[in-house]
Amino acid sequence: MDTTHLDDIISRLMNVINSFPENIIVTKDEIMQLCDVFQEEVSKDETLMELKAPINVIGDLHGQFTDLIRFLKAVNYTEEKFLFLGDFVDRGCHSIEVLCLVYALKARYPQQFFIIRGNHECEEINRVFGFYDECIRRYDESVWKRFNATFAYLPILALINKKILCVHGGISPDLKLLSQIQTISRPLQIPCGGMVCDLLWSDPGSMFGWKPNTVRGMSHYYGEDVCIEFMERNELELICRGHEVVDGYQFKFNQKLVTLFSSPVYCNALNNSGAMMVVADDLTCSFVILKVDK
Ligand SMILES: [Mn+2]
């Protein structure tokens, strides 16, 4: 798939707002080719990516494709750098377009677009929460299977200027030093417990120490004390994560941790805004907020 073809797919998707809902914007053959070129590019990134600011960080999108377009158009997307925190699929009804656009941008601008894996980038989860049904309804099972095969190659963590750690869920009692991540090779299946599971599934809690995450039935809650201890040990200034619905963004733990959520009016049921975090050269963080008027 050459640059001209990628540009054509990107432009079709970026101009899609008026032609939704059910038109096929990208053919099945193009999806298969996109997955090939995307997988080849994303495999070159480390499991813990070292990135440099300035960069824009986008949280959970959950199939809300037009919101992705609005974030990209809020800045000069062909010139700037982006990091996505995962959870592209499920819940919303345009997971396929979200993936096609993110994959095409990564393939076209590999040094500008970076992606980490969310807990929904996992076959057992996205079979149940909407992505499978969307693939079957609009294409077929082979599309769902091909996308899921690419998920195994997604990196798990990103570190901006060695100071801002980005991850989908949070930290793990099994992760002491970030250098441990070097032992994780990809392709990778997400286990039901242990370090990789925690990175994708854990949530910050209001207790001290660690506590089983009974709401999700997976992984842990981490308290402020263990989080700060981990950050000091690894010389971090901020942890940026997604995974939870908040009104755009929410700081916790004395401003040391921020949750970012990028699906405004989530599932057409909530009245939340969506946010993209803009990290400047000097690591100052600001936010682009999407608010849908009701
Ligand atoms: Mn999540």
# chains A, B, ... in the order shown; residues from 1 in each chain; ligands from 1
$ closest_atom_pairs --of "range 25-90 of chain A" --to "range 156-179 of chain A" --cutoff "6 Å" --atoms "only C-alpha atoms" --output "CSV"
residue,atom,partner,partner_atom,distance
A:Thr47,CA,A:Ile156,CA,5.4
A:Leu48,CA,A:Leu157,CA,4.6
A:Met49,CA,A:Ala158,CA,4.5
A:Glu50,CA,A:Leu159,CA,4.9
A:Leu51,CA,A:Ile160,CA,4.7
A:Lys52,CA,A:Asn161,CA,5.2
A:Leu85,CA,A:His168,CA,5.4
$ residues_near_ligand --ligand "ligand 1" --cutoff "6 Å" --atoms "only C-alpha atoms and all ligand atoms" --output "list in words"
Asp87, Gly118, Asn119 and His243 of chain A
$ write_last_selection --atoms "N, CA, C and O atoms" --output "compact mmCIF listing (two decimals), in the first residue's frame"
# COMPACT_ATOMS: atom_id res chain seq x y z
N ASP A 87 -8.07 1.51 23.87
CA ASP A 87 -9.54 1.45 23.89
C ASP A 87 -10.15 2.22 22.71
O ASP A 87 -10.95 3.13 22.88
N GLY A 118 -5.07 -0.83 24.92
CA GLY A 118 -6.06 -0.79 25.99
C GLY A 118 -6.61 -2.18 26.26
O GLY A 118 -6.37 -3.12 25.50
N ASN A 119 -7.36 -2.33 27.34
CA ASN A 119 -7.90 -3.65 27.69
C ASN A 119 -8.96 -4.13 26.68
O ASN A 119 -9.24 -5.32 26.61
N HIS A 243 -8.91 4.66 30.53
CA HIS A 243 -9.57 3.51 31.15
C HIS A 243 -10.82 3.84 31.96
O HIS A 243 -11.66 2.97 32.15
$ select_by_dssp --residues "range 48-122 of chain A" --states "strand (DSSP E)" --output "short mmCIF file (atom, residue, chain, number, x, y, z; two decimals) with N, CA and C atoms, in the first residue's frame"
data_model
loop_
_atom_site.label_atom_id
_atom_site.label_comp_id
_atom_site.auth_asym_id
_atom_site.auth_seq_id
_atom_site.Cartn_x
_atom_site.Cartn_y
_atom_site.Cartn_z
N LEU A 48 7.99 -0.36 25.56
CA LEU A 48 7.99 0.92 26.29
C LEU A 48 8.63 1.94 25.36
N MET A 49 7.80 2.81 24.79
CA MET A 49 8.29 3.77 23.80
C MET A 49 8.83 5.02 24.49
N GLU A 50 9.98 5.46 24.09
CA GLU A 50 10.54 6.72 24.60
C GLU A 50 10.20 7.81 23.60
N LEU A 51 9.33 8.74 24.00
CA LEU A 51 8.87 9.79 23.10
C LEU A 51 9.30 11.16 23.60
N ILE A 55 3.73 16.79 22.27
CA ILE A 55 2.92 15.68 21.79
C ILE A 55 1.50 15.84 22.32
N ASN A 56 0.53 15.38 21.53
CA ASN A 56 -0.89 15.39 21.94
C ASN A 56 -1.28 13.99 22.38
N VAL A 57 -1.93 13.86 23.54
CA VAL A 57 -2.30 12.54 24.04
C VAL A 57 -3.82 12.41 24.03
N ILE A 58 -4.29 11.31 23.45
CA ILE A 58 -5.73 11.05 23.32
C ILE A 58 -6.08 9.77 24.09
N PHE A 82 1.26 12.51 18.04
CA PHE A 82 0.12 12.03 18.82
C PHE A 82 0.45 10.71 19.51
N LEU A 83 -0.10 10.58 20.71
CA LEU A 83 -0.06 9.29 21.40
C LEU A 83 -1.48 8.92 21.78
N PHE A 84 -1.89 7.69 21.45
CA PHE A 84 -3.22 7.19 21.81
C PHE A 84 -3.08 6.19 22.95
N PHE A 113 2.79 9.29 14.93
CA PHE A 113 1.64 8.64 15.58
C PHE A 113 2.10 7.40 16.36
N PHE A 114 1.72 7.38 17.65
CA PHE A 114 2.14 6.29 18.54
C PHE A 114 0.92 5.77 19.30
N ILE A 115 0.93 4.47 19.57
CA ILE A 115 -0.27 3.81 20.09
C ILE A 115 0.12 2.86 21.20
#
$ closest_residue --among "A:Ile116, A:Leu200, A:Cys35, A:Ala74" --to "Asn148 in chain A" --atoms "only C-alpha atoms"
A:Cys35
$ residues_around --residues "Phe88 in chain A" --least-positions-apart "5" --cutoff "6 Å" --atoms "only C-alpha atoms" --output "list in words"
Leu61, His62 and Gly63 of chain A
$ closest_atom_pairs --of "range 178-262 of chain A" --to "range 122-132 of chain A" --cutoff "12 Å" --atoms "only C-alpha atoms" --output "tab-separated table"
residue	atom	partner	partner_atom	distance
A:Leu188	CA	A:Cys122	CA	10.1
A:Gln189	CA	A:Cys122	CA	7.8
A:Ile190	CA	A:Cys122	CA	7.0
A:Pro191	CA	A:Cys122	CA	10.1
A:Cys192	CA	A:Glu124	CA	10.8
A:Cys197	CA	A:Cys122	CA	11.1
A:Leu200	CA	A:Cys122	CA	10.4
A:Trp201	CA	A:Cys122	CA	11.7
$ select_by_dssp --residues "range 20-159 of chain A" --states "alpha helix (DSSP H)" --output "ChimeraX atom specification"
/A:28-42,65-74,95-108,123-126,131-138,141-151
$ residues_around --residues "Cys267 in chain A" --least-positions-apart "2" --cutoff "7 Å" --atoms "only C-alpha atoms" --output "PDB file with N, CA, C and O atoms, in the first residue's frame"
ATOM      1  N   ARG A  91     -18.376  -0.396  22.496  1.00  0.00           N
ATOM      2  CA  ARG A  91     -19.316   0.632  22.989  1.00  0.00           C
ATOM      3  C   ARG A  91     -19.887   1.491  21.864  1.00  0.00           C
ATOM      4  O   ARG A  91     -21.058   1.414  21.568  1.00  0.00           O
ATOM      5  N   GLY A  92     -19.089   2.337  21.250  1.00  0.00           N
ATOM      6  CA  GLY A  92     -19.560   3.183  20.149  1.00  0.00           C
ATOM      7  C   GLY A  92     -19.723   2.366  18.876  1.00  0.00           C
ATOM      8  O   GLY A  92     -19.282   1.218  18.804  1.00  0.00           O
ATOM      9  N   VAL A 265     -19.989  12.752  25.618  1.00  0.00           N
ATOM     10  CA  VAL A 265     -21.343  12.181  25.612  1.00  0.00           C
ATOM     11  C   VAL A 265     -21.238  10.669  25.370  1.00  0.00           C
ATOM     12  O   VAL A 265     -21.787  10.119  24.420  1.00  0.00           O
ATOM     13  N   ALA A 269     -25.174   8.472  26.318  1.00  0.00           N
ATOM     14  CA  ALA A 269     -25.922   8.283  27.561  1.00  0.00           C
ATOM     15  C   ALA A 269     -25.476   9.258  28.646  1.00  0.00           C
ATOM     16  O   ALA A 269     -26.272   9.660  29.485  1.00  0.00           O
ATOM     17  N   LEU A 270     -24.194   9.631  28.623  1.00  0.00           N
ATOM     18  CA  LEU A 270     -23.690  10.540  29.658  1.00  0.00           C
ATOM     19  C   LEU A 270     -23.568  11.949  29.090  1.00  0.00           C
ATOM     20  O   LEU A 270     -23.653  12.156  27.887  1.00  0.00           O
TER      21      LEU A 270
END
$ decode --residues "range 148-179 of chain A" --atoms "N, CA and C atoms" --output "tab-separated table (two decimals), in the first residue's frame"
chain	number	residue	atom	x	y	z
A	148	ASN	N	-7.82	-8.08	15.37
A	148	ASN	CA	-7.36	-8.62	16.65
A	148	ASN	C	-5.92	-9.13	16.57
A	149	ALA	N	-5.55	-9.65	15.41
A	149	ALA	CA	-4.16	-10.12	15.26
A	149	ALA	C	-3.20	-8.93	15.37
A	150	THR	N	-3.60	-7.75	14.88
A	150	THR	CA	-2.71	-6.58	14.97
A	150	THR	C	-2.56	-6.11	16.42
A	151	PHE	N	-3.62	-6.32	17.24
A	151	PHE	CA	-3.57	-5.83	18.63
A	151	PHE	C	-2.41	-6.45	19.42
A	152	ALA	N	-2.05	-7.69	19.06
A	152	ALA	CA	-0.98	-8.38	19.77
A	152	ALA	C	0.38	-7.68	19.60
A	153	TYR	N	0.47	-6.80	18.61
A	153	TYR	CA	1.74	-6.10	18.34
A	153	TYR	C	1.79	-4.70	18.96
A	154	LEU	N	0.71	-4.26	19.61
A	154	LEU	CA	0.69	-2.90	20.14
A	154	LEU	C	1.62	-2.76	21.34
A	155	PRO	N	2.38	-1.66	21.41
A	155	PRO	CA	3.18	-1.36	22.59
A	155	PRO	C	2.29	-1.21	23.83
A	156	ILE	N	2.90	-1.23	25.01
A	156	ILE	CA	2.15	-1.21	26.27
A	156	ILE	C	2.30	0.10	27.03
A	157	LEU	N	3.45	0.74	26.90
A	157	LEU	CA	3.72	1.96	27.68
A	157	LEU	C	4.45	2.98	26.81
A	158	ALA	N	4.31	4.26	27.20
A	158	ALA	CA	5.11	5.31	26.57
A	158	ALA	C	5.63	6.24	27.64
A	159	LEU	N	6.83	6.74	27.41
A	159	LEU	CA	7.47	7.63	28.37
A	159	LEU	C	7.85	8.91	27.63
A	160	ILE	N	7.24	10.02	28.06
A	160	ILE	CA	7.51	11.29	27.38
A	160	ILE	C	8.62	12.03	28.14
A	161	ASN	N	9.71	12.34	27.44
A	161	ASN	CA	10.87	13.03	28.03
A	161	ASN	C	11.34	12.39	29.34
A	162	LYS	N	11.17	11.10	29.46
A	162	LYS	CA	11.58	10.31	30.64
A	162	LYS	C	10.82	10.69	31.91
A	163	LYS	N	9.79	11.55	31.81
A	163	LYS	CA	9.13	12.07	33.01
A	163	LYS	C	7.63	11.78	33.09
A	164	ILE	N	6.96	11.69	31.95
A	164	ILE	CA	5.51	11.43	31.95
A	164	ILE	C	5.28	10.01	31.44
A	165	LEU	N	4.80	9.15	32.33
A	165	LEU	CA	4.55	7.76	31.94
A	165	LEU	C	3.10	7.63	31.49
A	166	CYS	N	2.89	7.07	30.29
A	166	CYS	CA	1.55	6.91	29.74
A	166	CYS	C	1.24	5.42	29.63
A	167	VAL	N	0.06	5.05	30.11
A	167	VAL	CA	-0.35	3.64	30.17
A	167	VAL	C	-1.87	3.63	30.17
A	168	HIS	N	-2.49	2.51	29.76
A	168	HIS	CA	-3.95	2.51	29.70
A	168	HIS	C	-4.60	2.50	31.09
A	169	GLY	N	-4.17	1.56	31.94
A	169	GLY	CA	-4.84	1.42	33.25
A	169	GLY	C	-4.04	2.01	34.40
A	170	GLY	N	-2.82	1.52	34.58
A	170	GLY	CA	-2.01	2.04	35.69
A	170	GLY	C	-0.86	1.13	36.01
A	171	ILE	N	-0.46	1.16	37.28
A	171	ILE	CA	0.75	0.44	37.70
A	171	ILE	C	0.40	-0.96	38.23
A	172	SER	N	1.44	-1.71	38.60
A	172	SER	CA	1.28	-3.09	39.03
A	172	SER	C	2.19	-3.35	40.22
A	173	PRO	N	1.74	-4.16	41.19
A	173	PRO	CA	2.64	-4.53	42.29
A	173	PRO	C	3.87	-5.29	41.79
A	174	ASP	N	3.78	-5.90	40.60
A	174	ASP	CA	4.91	-6.66	40.06
A	174	ASP	C	5.89	-5.78	39.27
A	175	LEU	N	5.54	-4.52	39.08
A	175	LEU	CA	6.42	-3.62	38.32
A	175	LEU	C	7.15	-2.70	39.29
A	176	LYS	N	8.44	-2.94	39.44
A	176	LYS	CA	9.24	-2.09	40.32
A	176	LYS	C	9.96	-1.03	39.49
A	177	LEU	N	10.66	-1.49	38.46
A	177	LEU	CA	11.46	-0.60	37.61
A	177	LEU	C	11.00	-0.72	36.16
A	178	LEU	N	10.95	0.42	35.48
A	178	LEU	CA	10.51	0.42	34.08
A	178	LEU	C	11.39	-0.45	33.19
A	179	SER	N	12.63	-0.67	33.62
A	179	SER	CA	13.53	-1.51	32.82
A	179	SER	C	13.00	-2.95	32.69
